[in-house]
>>> print(open('structure30.cif').read())   # mmCIF, C-alpha atoms and all ligand atoms
data_upload
#
loop_
_atom_site.label_atom_id
_atom_site.label_comp_id
_atom_site.auth_asym_id
_atom_site.auth_seq_id
_atom_site.Cartn_x
_atom_site.Cartn_y
_atom_site.Cartn_z
CA MET A 1 23.69 -22.07 -43.63
CA GLU A 2 19.94 -21.84 -43.40
CA LYS A 3 18.50 -18.32 -43.54
CA LEU A 4 18.04 -16.68 -40.15
CA ILE A 5 14.57 -16.38 -38.65
CA ILE A 6 14.32 -13.31 -36.43
CA THR A 7 11.57 -13.30 -33.81
CA ALA A 8 10.68 -10.03 -32.11
CA CYS A 9 9.25 -10.26 -28.59
CA ILE A 10 7.82 -6.77 -28.63
CA CYS A 11 6.01 -6.48 -25.35
CA GLY A 12 6.25 -9.33 -22.83
CA ALA A 13 4.26 -9.45 -19.63
CA GLU A 14 6.76 -8.12 -17.10
CA VAL A 15 8.60 -5.20 -18.73
CA THR A 16 6.96 -1.78 -18.24
CA LYS A 17 7.13 1.79 -19.50
CA GLU A 18 9.21 2.54 -16.39
CA HIS A 19 11.91 0.32 -17.90
CA ASN A 20 11.56 1.95 -21.32
CA PRO A 21 8.78 4.40 -22.33
CA ALA A 22 8.62 2.72 -25.76
CA VAL A 23 7.24 -0.56 -24.30
CA PRO A 24 3.83 -0.91 -26.00
CA TYR A 25 0.53 -1.32 -24.09
CA THR A 26 -2.33 -0.11 -26.32
CA VAL A 27 -3.48 -1.93 -29.46
CA GLU A 28 -2.07 0.88 -31.59
CA GLU A 29 1.27 0.87 -29.77
CA ILE A 30 1.53 -2.92 -30.08
CA ALA A 31 0.76 -2.79 -33.82
CA ASN A 32 3.30 0.02 -34.34
CA GLU A 33 6.02 -1.86 -32.47
CA ALA A 34 5.26 -5.05 -34.43
CA TYR A 35 5.55 -3.03 -37.64
CA SER A 36 8.90 -1.50 -36.61
CA ALA A 37 10.29 -4.99 -35.97
CA TYR A 38 8.81 -6.45 -39.17
CA LYS A 39 10.15 -3.61 -41.30
CA ALA A 40 13.60 -4.17 -39.80
CA GLY A 41 13.59 -7.89 -40.68
CA ALA A 42 11.59 -9.86 -38.10
CA SER A 43 9.47 -12.62 -39.61
CA ILE A 44 7.84 -13.74 -36.33
CA ILE A 45 6.18 -11.57 -33.70
CA HIS A 46 6.09 -13.27 -30.29
CA LEU A 47 3.00 -11.67 -28.85
CA HIS A 48 1.86 -10.82 -25.34
CA VAL A 49 -0.88 -8.24 -24.97
CA ARG A 50 -1.73 -5.66 -22.33
CA TYR A 51 -4.70 -3.56 -21.34
CA ASP A 52 -4.20 0.15 -21.90
CA ASP A 53 -2.89 0.59 -18.33
CA GLY A 54 -0.17 -2.01 -18.97
CA THR A 55 -1.79 -4.96 -17.14
CA PRO A 56 -0.91 -8.20 -18.97
CA THR A 57 -3.88 -10.24 -20.17
CA GLN A 58 -4.49 -13.43 -22.14
CA ASP A 59 -8.01 -12.28 -23.02
CA LYS A 60 -8.97 -13.71 -26.41
CA ALA A 61 -10.80 -10.57 -27.54
CA ARG A 62 -7.79 -8.37 -26.73
CA PHE A 63 -5.50 -10.78 -28.59
CA LYS A 64 -7.83 -10.66 -31.60
CA GLU A 65 -7.82 -6.87 -31.64
CA CYS A 66 -4.02 -6.80 -31.48
CA MET A 67 -3.56 -9.56 -34.06
CA ASP A 68 -5.96 -7.86 -36.50
CA ALA A 69 -4.10 -4.57 -36.03
CA ILE A 70 -0.73 -6.27 -36.64
CA TYR A 71 -1.93 -8.13 -39.75
CA ALA A 72 -3.33 -4.83 -41.11
CA LYS A 73 0.23 -3.41 -41.04
CA CYS A 74 2.25 -6.61 -41.65
CA PRO A 75 0.00 -8.89 -43.71
CA ASP A 76 2.40 -11.82 -44.10
CA VAL A 77 4.07 -11.82 -40.68
CA ILE A 78 3.89 -14.92 -38.45
CA ILE A 79 2.21 -14.14 -35.14
CA GLN A 80 3.19 -16.42 -32.28
CA PRO A 81 0.97 -15.74 -29.25
CA SER A 82 2.33 -16.51 -25.81
CA THR A 83 0.62 -19.25 -23.84
CA GLY A 84 2.93 -18.44 -20.92
CA GLY A 85 1.12 -15.20 -20.18
CA ALA A 86 2.18 -13.85 -16.80
CA VAL A 87 3.17 -15.69 -13.63
CA GLY A 88 0.09 -16.76 -11.64
CA MET A 89 -2.39 -17.20 -14.52
CA SER A 90 -4.34 -20.49 -14.79
CA ASP A 91 -3.80 -22.93 -17.65
CA ASP A 92 -7.10 -22.16 -19.38
CA GLU A 93 -6.56 -18.43 -18.97
CA ARG A 94 -3.15 -18.78 -20.63
CA LEU A 95 -4.46 -20.91 -23.51
CA GLN A 96 -7.11 -18.46 -24.74
CA PRO A 97 -5.21 -17.09 -27.78
CA ILE A 98 -4.96 -20.55 -29.40
CA GLU A 99 -8.71 -20.29 -30.10
CA LEU A 100 -7.74 -17.69 -32.71
CA MET A 101 -5.94 -20.46 -34.64
CA PRO A 102 -2.49 -18.87 -34.87
CA GLU A 103 0.19 -20.64 -36.91
CA MET A 104 2.45 -20.97 -33.86
CA ALA A 105 2.24 -20.49 -30.11
CA THR A 106 4.69 -20.90 -27.26
CA LEU A 107 4.62 -24.04 -25.12
CA ASP A 108 6.55 -23.55 -21.89
CA CYS A 109 8.36 -26.57 -20.56
CA GLY A 110 9.16 -26.96 -16.91
CA THR A 111 8.47 -25.07 -13.72
CA CYS A 112 11.17 -22.60 -12.77
CA ASN A 113 11.97 -19.66 -10.55
CA PHE A 114 11.24 -16.44 -12.38
CA GLY A 115 13.07 -13.77 -10.42
CA GLY A 116 12.43 -12.76 -6.81
CA ASP A 117 9.56 -14.76 -5.30
CA ASP A 118 7.89 -15.62 -8.63
CA ILE A 119 7.51 -19.22 -9.75
CA PHE A 120 6.48 -19.94 -13.34
CA VAL A 121 4.43 -23.12 -13.02
CA ASN A 122 4.40 -25.63 -15.89
CA THR A 123 3.65 -29.07 -14.51
CA GLU A 124 3.94 -32.24 -16.56
CA ASN A 125 0.15 -32.29 -16.99
CA THR A 126 0.07 -28.63 -18.04
CA ILE A 127 2.64 -29.31 -20.75
CA LYS A 128 0.70 -32.35 -22.01
CA TYR A 129 -2.59 -30.42 -21.94
CA PHE A 130 -1.14 -27.50 -23.90
CA GLY A 131 0.60 -29.87 -26.36
CA GLU A 132 -2.61 -31.77 -27.10
CA ARG A 133 -4.66 -28.57 -27.59
CA MET A 134 -2.05 -27.38 -30.12
CA ILE A 135 -1.95 -30.69 -32.00
CA GLU A 136 -5.77 -30.61 -32.30
CA ARG A 137 -5.53 -27.16 -33.89
CA ASN A 138 -2.43 -27.83 -36.04
CA ILE A 139 -0.54 -25.07 -34.24
CA LYS A 140 3.27 -25.42 -34.22
CA PRO A 141 4.54 -25.07 -30.67
CA GLU A 142 7.71 -23.19 -29.94
CA VAL A 143 9.02 -25.06 -26.92
CA GLU A 144 10.26 -22.44 -24.46
CA VAL A 145 13.11 -23.78 -22.38
CA PHE A 146 14.30 -21.74 -19.39
CA ASP A 147 16.46 -24.30 -17.66
CA LYS A 148 18.72 -27.27 -18.24
CA ALA A 149 15.94 -29.74 -17.52
CA ILE A 150 14.94 -30.30 -21.13
CA ARG A 151 12.53 -33.19 -20.86
CA LEU A 152 11.84 -34.43 -24.32
CA ASN A 153 8.35 -35.58 -24.87
CA LYS A 154 8.35 -38.92 -26.66
CA LYS A 155 4.71 -39.75 -26.04
CA GLY A 156 3.14 -37.75 -28.82
CA PHE A 157 2.24 -34.57 -26.95
CA ILE A 158 4.54 -32.56 -29.22
CA LYS A 159 5.10 -33.46 -32.86
CA SER A 160 8.52 -33.78 -34.47
CA PRO A 161 10.45 -31.97 -35.75
CA MET A 162 10.36 -29.83 -32.63
CA HIS A 163 11.23 -26.14 -32.55
CA PHE A 164 12.79 -24.79 -29.33
CA ASP A 165 13.41 -21.37 -27.90
CA PHE A 166 16.28 -21.29 -25.41
CA VAL A 167 15.56 -18.39 -23.09
CA MET A 168 18.95 -17.77 -21.50
CA GLY A 169 19.72 -15.59 -18.51
CA VAL A 170 16.34 -15.50 -16.71
CA ASN A 171 16.96 -14.79 -13.05
CA GLY A 172 16.28 -18.31 -11.72
CA GLY A 173 16.80 -20.17 -14.99
CA ILE A 174 19.82 -21.22 -17.02
CA SER A 175 22.67 -18.71 -17.29
CA GLY A 176 23.32 -16.72 -20.45
CA THR A 177 26.78 -18.12 -21.02
CA PRO A 178 28.36 -19.71 -24.10
CA ARG A 179 28.93 -22.94 -22.13
CA ASP A 180 25.23 -23.32 -21.31
CA LEU A 181 24.03 -22.36 -24.78
CA VAL A 182 26.34 -24.93 -26.38
CA PHE A 183 24.96 -27.48 -23.88
CA MET A 184 21.36 -26.60 -24.79
CA ALA A 185 21.97 -26.67 -28.53
CA GLY A 186 23.59 -30.08 -28.16
CA SER A 187 20.72 -31.49 -26.07
CA ILE A 188 17.87 -31.46 -28.58
CA PRO A 189 16.86 -34.21 -31.00
CA GLN A 190 18.48 -34.25 -34.43
CA GLY A 191 16.37 -32.45 -36.97
CA SER A 192 15.02 -29.94 -34.44
CA THR A 193 15.31 -26.20 -35.00
CA PHE A 194 16.04 -23.67 -32.29
CA THR A 195 15.85 -20.00 -31.51
CA VAL A 196 18.09 -18.27 -28.99
CA ALA A 197 16.92 -15.49 -26.68
CA GLY A 198 19.06 -13.81 -24.02
CA VAL A 199 17.61 -11.75 -21.21
CA GLY A 200 19.06 -8.33 -20.34
CA ARG A 201 22.70 -7.80 -21.23
CA THR A 202 23.02 -11.40 -22.43
CA GLU A 203 20.74 -10.70 -25.43
CA PHE A 204 23.32 -9.78 -28.06
CA PRO A 205 26.13 -12.14 -26.95
CA MET A 206 23.66 -15.04 -26.89
CA ILE A 207 22.10 -14.33 -30.27
CA THR A 208 25.55 -13.90 -31.80
CA LEU A 209 26.53 -17.36 -30.63
CA GLY A 210 23.10 -18.67 -31.68
CA ILE A 211 23.73 -17.40 -35.23
CA LEU A 212 27.15 -19.09 -35.29
CA LEU A 213 25.64 -22.36 -34.04
CA GLY A 214 23.12 -22.34 -36.90
CA GLY A 215 20.13 -21.38 -34.74
CA HIS A 216 17.59 -18.61 -35.12
CA VAL A 217 17.25 -15.59 -32.86
CA ARG A 218 14.80 -13.58 -30.79
CA VAL A 219 15.22 -9.98 -29.67
CA GLY A 220 12.80 -7.43 -28.24
CA PHE A 221 11.60 -5.49 -25.24
CA GLU A 222 10.29 -8.62 -23.51
CA ASP A 223 13.91 -9.73 -23.07
CA ASN A 224 15.93 -6.51 -23.17
CA VAL A 225 15.20 -2.79 -23.49
CA TYR A 226 18.76 -1.57 -24.20
CA LEU A 227 20.41 -1.10 -27.59
CA GLU A 228 23.78 -0.98 -25.85
CA LYS A 229 25.03 -0.31 -22.33
CA GLY A 230 23.12 2.69 -20.93
CA VAL A 231 21.27 3.43 -24.21
CA LEU A 232 17.56 2.57 -24.30
CA ALA A 233 16.30 1.24 -27.62
CA LYS A 234 13.82 3.61 -29.23
CA SER A 235 11.82 0.72 -30.67
CA ASN A 236 11.81 -3.03 -31.14
CA GLY A 237 12.83 -2.22 -34.71
CA GLU A 238 16.17 -0.86 -33.48
CA LEU A 239 16.87 -4.15 -31.70
CA VAL A 240 15.97 -6.14 -34.83
CA GLU A 241 18.19 -3.86 -36.95
CA LYS A 242 21.12 -4.64 -34.66
CA ALA A 243 20.42 -8.39 -34.96
CA VAL A 244 20.35 -8.03 -38.75
CA ARG A 245 23.71 -6.18 -38.72
CA ILE A 246 25.32 -8.93 -36.62
CA ALA A 247 23.87 -11.66 -38.87
CA LYS A 248 25.12 -9.96 -42.02
CA GLU A 249 28.64 -9.60 -40.56
CA LEU A 250 28.55 -13.32 -39.82
CA GLY A 251 27.33 -14.22 -43.29
CA ARG A 252 23.75 -15.24 -42.43
CA GLU A 253 20.97 -14.05 -44.69
CA ILE A 254 17.65 -13.07 -43.14
CA ALA A 255 14.55 -15.19 -43.75
CA THR A 256 11.34 -13.60 -44.98
CA PRO A 257 8.10 -14.70 -43.30
CA ALA A 258 7.48 -17.11 -46.23
CA GLU A 259 10.95 -18.61 -45.81
CA ALA A 260 10.44 -18.86 -42.03
CA ARG A 261 7.18 -20.77 -42.64
CA GLU A 262 9.06 -23.16 -44.90
CA ILE A 263 11.94 -23.69 -42.43
CA LEU A 264 9.55 -24.33 -39.53
CA GLY A 265 7.09 -26.39 -41.58
CA LEU A 266 4.08 -24.34 -40.50
CA ALA A 267 0.59 -25.35 -41.57
CA PRO A 268 -1.08 -22.90 -43.97
CA ARG A 269 -2.70 -19.97 -42.18
CA ALA A 270 -6.39 -20.50 -41.40
N1 LIG A 301 5.92 -14.10 -18.98
C1 LIG A 301 6.56 -15.31 -18.59
C2 LIG A 301 6.07 -15.75 -17.24
C3 LIG A 301 5.97 -17.31 -23.03
O1 LIG A 301 5.70 -16.27 -23.61
O2 LIG A 301 5.48 -18.39 -23.38
C4 LIG A 301 6.36 -16.41 -19.56
C5 LIG A 301 6.73 -16.13 -20.95
C6 LIG A 301 6.86 -17.31 -21.82
O3 LIG A 301 6.87 -15.01 -21.41
ZN ZN A 302 6.82 -14.42 -23.79
#
>>> encode(input="structure30.cif", output="structure tokens", more="lines below")
Ligand code: KMH
Ligand code: ZN
Amino acid sequence: MEKLIITACICGAEVTKEHNPAVPYTVEEIANEAYSAYKAGASIIHLHVRYDDGTPTQDKARFKECMDAIYAKCPDVIIQPSTGGAVGMSDDERLQPIELMPEMATLDCGTCNFGGDDIFVNTENTIKYFGERMIERNIKPEVEVFDKAIRLNKKGFIKSPMHFDFVMGVNGGISGTPRDLVFMAGSIPQGSTFTVAGVGRTEFPMITLGILLGGHVRVGFEDNVYLEKGVLAKSNGELVEKAVRIAKELGREIATPAEAREILGLAPRA
């Protein structure tokens, strides 16, 4: 089987230090958490950034500071900025980090409930707009799918082969069950690649099945702050180490950043 690409979602926009004191906010904390994940085997850092007080932001200057600090510690890592940002942000606010010409960025598909009263809005036109901006910049989108409504874009707004991230178990999205993950993995065009993420306690069961299905995996504080029931992870690195242990038991080797670039067909870094 293909080597396993591990993505670490180190920070997110919703999780806070009240959930786990190790959730990073400052530039230094974000760079340290990225390094802990990279050292443990992550080849991609899925990046949200915060102001020092924890407020999520898509501000380009803040992204640049964080990306520079991460590259200083992990020179060859793939940084994948979020264009989802936080619920309620406008399209252009969310798109700011693509001006930094990252190799990848997320492209969220479909509007869905996002816990409680929150609605994560991704209209058809938003998806097309984001897709076109990424094609212009040769940025590989990771298509974030939160629900069963995978609407495949055949009109050239996303290039093939597509790379998906199935985000399972969001409160309001698709459930984190084997049945639904098998459905998702069977619903994408041939030749696509996919990553599996599971929110909360579904993280490790979902990535285990993702590894068996030949997919790639994402772990990190954005999705889950626990190493096991009742035990907070001390770092994103601990979560990545656990993913590596599971992969090794199942006979999957771990991809380096260079191998991940090759598997995903990323354009050379600007
Ligand atoms: N924070 C969520 C509303 C992404 O990074 O593209 C959206 C999200 C997806 O995290
Ligand atoms: Zn995210």
>>> residues_around(input="structure30.cif", residues="range 41-52 of chain A", least_positions_apart="6", cutoff="8 Å", atoms="all atoms listed in the file", output="ChimeraX atom specification")
/A:5-13,25-27,30,34,58,62-63,66,77-82,85,240-241,244,254-257,260
>>> closest_residue(input="structure30.cif", among="A:Ile211, A:Glu222, A:Lys159, A:Gly116", to="ligand LIG 301 (chain A)", atoms="only C-alpha atoms and all ligand atoms")
A:Glu222
>>> closest_residue(input="structure30.cif", among="A:Glu262, A:Asp76, A:Asp68, A:Asp118", to="ligand LIG 301 (chain A)", atoms="all atoms listed in the file")
A:Asp118
>>> residues_near_point(input="structure30.cif", point="(-6.9, -14.0, -27.6)", cutoff="8 Å", atoms="all atoms listed in the file", output="PyMOL selection string")
chain A and resi 58-64+96-100
>>> residues_near_ligand(input="structure30.cif", ligand="ligand LIG 301 (chain A)", cutoff="10 Å", atoms="all atoms listed in the file", output="ChimeraX atom specification")
/A:9,11-15,46-48,56,80-89,94,105-109,112-115,118-121,141-146,165,167,170,222-223
>>> axis_aligned_box(input="structure30.cif", around="range 84-96 of chain A", padding_each_side="3 Å", output="AutoDock Vina command-line options")
--center_x -2.0 --center_y -18.4 --center_z -18.2 --size_x 16.3 --size_y 15.1 --size_z 19.1
>>> atom_distance(input="structure30.cif", atom1="CA of Met104 in chain A", atom2="CA of Asn138 in chain A")
8.7 Å
>>> closest_residue(input="structure30.cif", among="A:Ala22, A:Ala197, A:Ile263, A:Val217", to="ligand ZN 302 (chain A)", atoms="all atoms listed in the file")
A:Ala197
>>> residues_around(input="structure30.cif", residues="range 125-132 of chain A", least_positions_apart="2", cutoff="6 Å", atoms="all atoms listed in the file", output="ChimeraX atom specification")
/A:122-123,134-135,157-158
>>> atom_distance(input="structure30.cif", atom1="CA of Gly220 in chain A", atom2="CA of Leu266 in chain A")
22.6 Å
>>> closest_residue(input="structure30.cif", among="A:Tyr226, A:Tyr38, A:Glu65, A:Ile174", to="Pro21 in chain A", atoms="all atoms listed in the file")
A:Tyr226
>>> closest_residue(input="structure30.cif", among="A:Lys155, A:Arg218, A:Lys229, A:Arg261", to="ligand ZN 302 (chain A)", atoms="all atoms listed in the file")
A:Arg218
>>> closest_residue(input="structure30.cif", among="A:Ile207, A:Ile139, A:Ile188, A:Val219", to="ligand ZN 302 (chain A)", atoms="all atoms listed in the file")
A:Val219
>>> atom_distance(input="structure30.cif", atom1="CA of Thr202 in chain A", atom2="CA of Leu232 in chain A")
15.1 Å
>>> decode(input="structure30.cif", residues="range 88-100 of chain A", atoms="all heavy atoms", output="short mmCIF file (atom, residue, chain, number, x, y, z; two decimals), in the first residue's frame")
data_model
loop_
_atom_site.label_atom_id
_atom_site.label_comp_id
_atom_site.auth_asym_id
_atom_site.auth_seq_id
_atom_site.Cartn_x
_atom_site.Cartn_y
_atom_site.Cartn_z
N GLY A 88 -18.87 32.20 10.37
CA GLY A 88 -19.26 33.62 10.37
C GLY A 88 -18.32 34.53 9.60
O GLY A 88 -18.65 35.69 9.34
N MET A 89 -17.15 34.03 9.20
CA MET A 89 -16.21 34.89 8.44
C MET A 89 -16.67 34.98 6.99
O MET A 89 -17.25 34.04 6.45
CB MET A 89 -14.80 34.30 8.48
CG MET A 89 -14.14 34.37 9.85
SD MET A 89 -12.52 33.55 9.79
CE MET A 89 -11.87 33.98 11.40
N SER A 90 -16.34 36.11 6.32
CA SER A 90 -16.72 36.28 4.91
C SER A 90 -15.76 35.48 4.02
O SER A 90 -14.67 35.09 4.44
CB SER A 90 -16.67 37.76 4.52
OG SER A 90 -15.31 38.16 4.47
N ASP A 91 -16.17 35.30 2.77
CA ASP A 91 -15.33 34.54 1.83
C ASP A 91 -13.94 35.17 1.69
O ASP A 91 -12.92 34.48 1.78
CB ASP A 91 -15.99 34.49 0.44
CG ASP A 91 -17.21 33.59 0.41
OD1 ASP A 91 -17.54 32.99 1.45
OD2 ASP A 91 -17.84 33.50 -0.66
N ASP A 92 -13.90 36.49 1.46
CA ASP A 92 -12.59 37.10 1.21
C ASP A 92 -11.72 37.11 2.47
O ASP A 92 -10.50 37.02 2.39
CB ASP A 92 -12.75 38.51 0.63
CG ASP A 92 -13.17 38.43 -0.85
OD1 ASP A 92 -12.71 37.49 -1.55
OD2 ASP A 92 -13.98 39.27 -1.28
N GLU A 93 -12.38 37.21 3.62
CA GLU A 93 -11.63 37.12 4.88
C GLU A 93 -10.99 35.73 4.98
O GLU A 93 -9.81 35.58 5.29
CB GLU A 93 -12.64 37.34 6.01
CG GLU A 93 -12.06 37.50 7.38
CD GLU A 93 -13.17 37.72 8.43
OE1 GLU A 93 -14.37 37.75 8.07
OE2 GLU A 93 -12.81 37.85 9.60
N ARG A 94 -11.76 34.71 4.65
CA ARG A 94 -11.27 33.33 4.76
C ARG A 94 -10.15 33.03 3.79
O ARG A 94 -9.26 32.22 4.07
CB ARG A 94 -12.44 32.36 4.51
CG ARG A 94 -13.40 32.25 5.66
CD ARG A 94 -14.71 31.59 5.27
NE ARG A 94 -14.54 30.31 4.60
CZ ARG A 94 -15.56 29.55 4.16
NH1 ARG A 94 -16.81 29.96 4.33
NH2 ARG A 94 -15.34 28.41 3.55
N LEU A 95 -10.19 33.69 2.61
CA LEU A 95 -9.23 33.34 1.54
C LEU A 95 -7.84 33.97 1.71
O LEU A 95 -6.92 33.62 0.96
CB LEU A 95 -9.79 33.79 0.19
CG LEU A 95 -10.63 32.78 -0.59
CD1 LEU A 95 -11.15 33.43 -1.87
CD2 LEU A 95 -9.84 31.52 -0.93
N GLN A 96 -7.70 34.87 2.67
CA GLN A 96 -6.44 35.63 2.77
C GLN A 96 -5.16 34.79 2.71
O GLN A 96 -4.21 35.16 2.01
CB GLN A 96 -6.41 36.46 4.05
CG GLN A 96 -7.39 37.61 4.08
CD GLN A 96 -7.33 38.31 5.42
OE1 GLN A 96 -6.39 39.04 5.69
NE2 GLN A 96 -8.32 38.08 6.25
N PRO A 97 -5.07 33.65 3.42
CA PRO A 97 -3.77 32.95 3.42
C PRO A 97 -3.34 32.41 2.06
O PRO A 97 -2.16 32.13 1.87
CB PRO A 97 -3.96 31.81 4.42
CG PRO A 97 -5.40 31.75 4.76
CD PRO A 97 -6.02 33.06 4.39
N ILE A 98 -4.25 32.32 1.07
CA ILE A 98 -3.78 31.81 -0.23
C ILE A 98 -2.89 32.81 -0.94
O ILE A 98 -2.16 32.46 -1.86
CB ILE A 98 -4.93 31.34 -1.17
CG1 ILE A 98 -5.79 32.49 -1.64
CG2 ILE A 98 -5.75 30.22 -0.54
CD1 ILE A 98 -6.67 32.13 -2.84
N GLU A 99 -2.93 34.09 -0.49
CA GLU A 99 -2.02 35.08 -1.08
C GLU A 99 -0.56 34.77 -0.73
O GLU A 99 0.35 35.31 -1.33
CB GLU A 99 -2.37 36.50 -0.60
CG GLU A 99 -3.76 36.97 -1.01
CD GLU A 99 -4.02 36.83 -2.51
OE1 GLU A 99 -3.06 36.90 -3.29
OE2 GLU A 99 -5.19 36.61 -2.88
N LEU A 100 -0.35 33.91 0.25
CA LEU A 100 1.02 33.54 0.64
C LEU A 100 1.54 32.38 -0.20
O LEU A 100 2.62 31.87 0.03
CB LEU A 100 1.06 33.19 2.13
CG LEU A 100 0.60 34.34 3.05
CD1 LEU A 100 0.39 33.84 4.48
CD2 LEU A 100 1.59 35.49 3.02
#
